[in-house]
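Have a look at the structure below, then the notes.
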Amino acid sequence: LLKTETAPEYGKKENEQDDEDEEPSDKRRKKTRGSIDYRGKTYLAPLTTVGNLPFRRICKDYGVDITCSEMAIAVNLLQGQTSEWALVKRHPSETIFGVQLAGNRAEVVGRAAELLSAECTVDFIDLNMGCPIDMAFNNGGGSALLASPKKIERMVRTMRHVVDCDLTVKFRTGVKSGDNVAHTLVPEFARWGASVATLHGRSRQQRYTKLADWEYIAQCHKEAPGSMAFFGGGDVMSWEDYWEHMDQEMCDGIMVGRGALIKPWIFKEIEERRVWDISATERLDILKKFAHYGMEHWGTDSQGIDNVRRYLLEWQSFLHRYIPAGLLEVLPQKMNQRPPAYYGRTDLETMLASDKVNDWIKISEMILGPKSDGFTFVPKHKSNSYEG
């Protein structure tokens, strides 16, 4: 239901004029392989549904360096599905941008990677080996690949051979908790041609429960040769978390996912090394900006506005988890910190903290006007909310 965006023309960026379609193909296929130093750069994780183009623009406004599309299914791209091609659209503000591919067969991901490299302006293509959801896992994709190193090798080598841009990989510690395999794969990724390897410090079995294992991430970093940048990720929600891991040289860079969904200004805090006690009015202004970006992206007709509202509500299912810095007795807020209901410093701050879907809809109506007749919303990430 949410994937109703209009498909982009291959290789065309948002806001480009039609006459620019005549650009020579060699310009579109400008080689970027090996031209980017990823180390030390902030990286917004590829996020299904909520990692859409308007959200990535918000994070760019707050200074993130690297952005990546939502996970795109290789076979769907090859079938020309418009909803899948819409996921890989790049905004001009995205200075270092990649597309994440998911699949379970080397020939399929290879063909999709070759098509993306030829027809789109991307700096890297990322192979997903971390998705824990049953749909991907049961089809042999995502984190299920971690049990098949030979298949991983075929996929990485094939993709590396056919693309002009960098090839990167994202993966988890292993399939089952206590049975880590990532440390054995890290040096192989470099040998097979990956420019960046990003490890989420949890197993597939853990999903997003318990804490990410940063000691294991640091162990894997020691296995990474200098030819490949090694990133870590998991539970980073403050500039203190970020710089603690970086200063201890646990990795070459950090990918931020849920921390950016809960507080997209985290990238500004990281750059300035300070806590921002952002006001409720400033947070509402962020949602207004998202709505503006959303209408540019999805349109201003009734269907477009409904899409903007749905994606805003999906994002609010994470945003409401933010605890204002001025209300915390101990800083910083931690990812696994789920506070009881509280009163904010203003009525708006209290409403923004609500875990009720009905309150989220009221917030959307403050920005987009009354919802259309028959509009209903159930968040994809149901654990983040409760029915109002």
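Within each chain, counting starts at residue 1; across the structure tokens, chains are named A, B, ... in the order shown, with ligands numbered 1 upward in that order.
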Name the residues of region 229-318 of chain A that fall into alpha helix (DSSP H) according to DSSP on the backbone, using the chain letters and numbers of this document, as number ranges by chain.
-> A: 239-247, 258-262, 266-272, 280-298, 302-318
Residues of region 119-166 of chain A at most 12 Å from region 86-102 of chain A: nearest atom pair and distance in Å, only C-alpha atoms, as CSV:
residue,atom,partner,partner_atom,distance
A:Glu119,CA,A:Val88,CA,11.1
A:Cys120,CA,A:Lys89,CA,8.4
A:Thr121,CA,A:Arg90,CA,7.8
A:Val122,CA,A:Gly98,CA,5.3
A:Asp123,CA,A:Gly98,CA,5.5
A:Phe124,CA,A:Gly98,CA,4.6
A:Ile125,CA,A:Val99,CA,5.0
A:Asp126,CA,A:Gln100,CA,4.4
A:Leu127,CA,A:Leu101,CA,5.2
A:Asn128,CA,A:Ala102,CA,5.2
A:Met129,CA,A:Ala102,CA,7.7
A:Gly130,CA,A:Ala102,CA,9.6
A:Cys131,CA,A:Ala102,CA,8.7
A:Pro132,CA,A:Ala102,CA,11.9
A:Met135,CA,A:Ala102,CA,11.6
A:Ala136,CA,A:Ala102,CA,8.3
A:Phe137,CA,A:Ala102,CA,10.7
A:Asn139,CA,A:Ala102,CA,10.8
A:Gly140,CA,A:Ala102,CA,10.2
A:Gly141,CA,A:Ala102,CA,6.6
A:Gly142,CA,A:Ala102,CA,6.4
A:Ser143,CA,A:Ala102,CA,10.1
A:Ala144,CA,A:Ala102,CA,11.2
A:Leu145,CA,A:Ala102,CA,10.4
A:Ile152,CA,A:Ala102,CA,11.9
A:Met155,CA,A:Ala102,CA,10.6
A:Val156,CA,A:Leu101,CA,11.5
A:Met159,CA,A:Leu101,CA,10.4
A:Cys165,CA,A:Gly98,CA,9.2
A:Asp166,CA,A:Gly98,CA,9.0
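With only C-alpha atoms as the atoms that count, the minimum distance from Ser203 (chain A) to the choices A:Met237, A:Thr82, A:Leu146, A:Arg154 is reached by A:Leu146.
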So which one's closest to His245 (chain A), A:Cys68, A:Ala112, A:Ala218, A:Met335? Using only C-alpha atoms, please.
-> A:Ala218
Shell around region 30-46 of chain A at 9 Å using only C-alpha atoms, local window under 5 positions removed, as number ranges by chain | A: 25, 51-52, 56, 59, 63-71, 96, 99-100, 121-124, 163-167, 195-196, 229-231, 233, 246, 251-258, 260, 267, 270
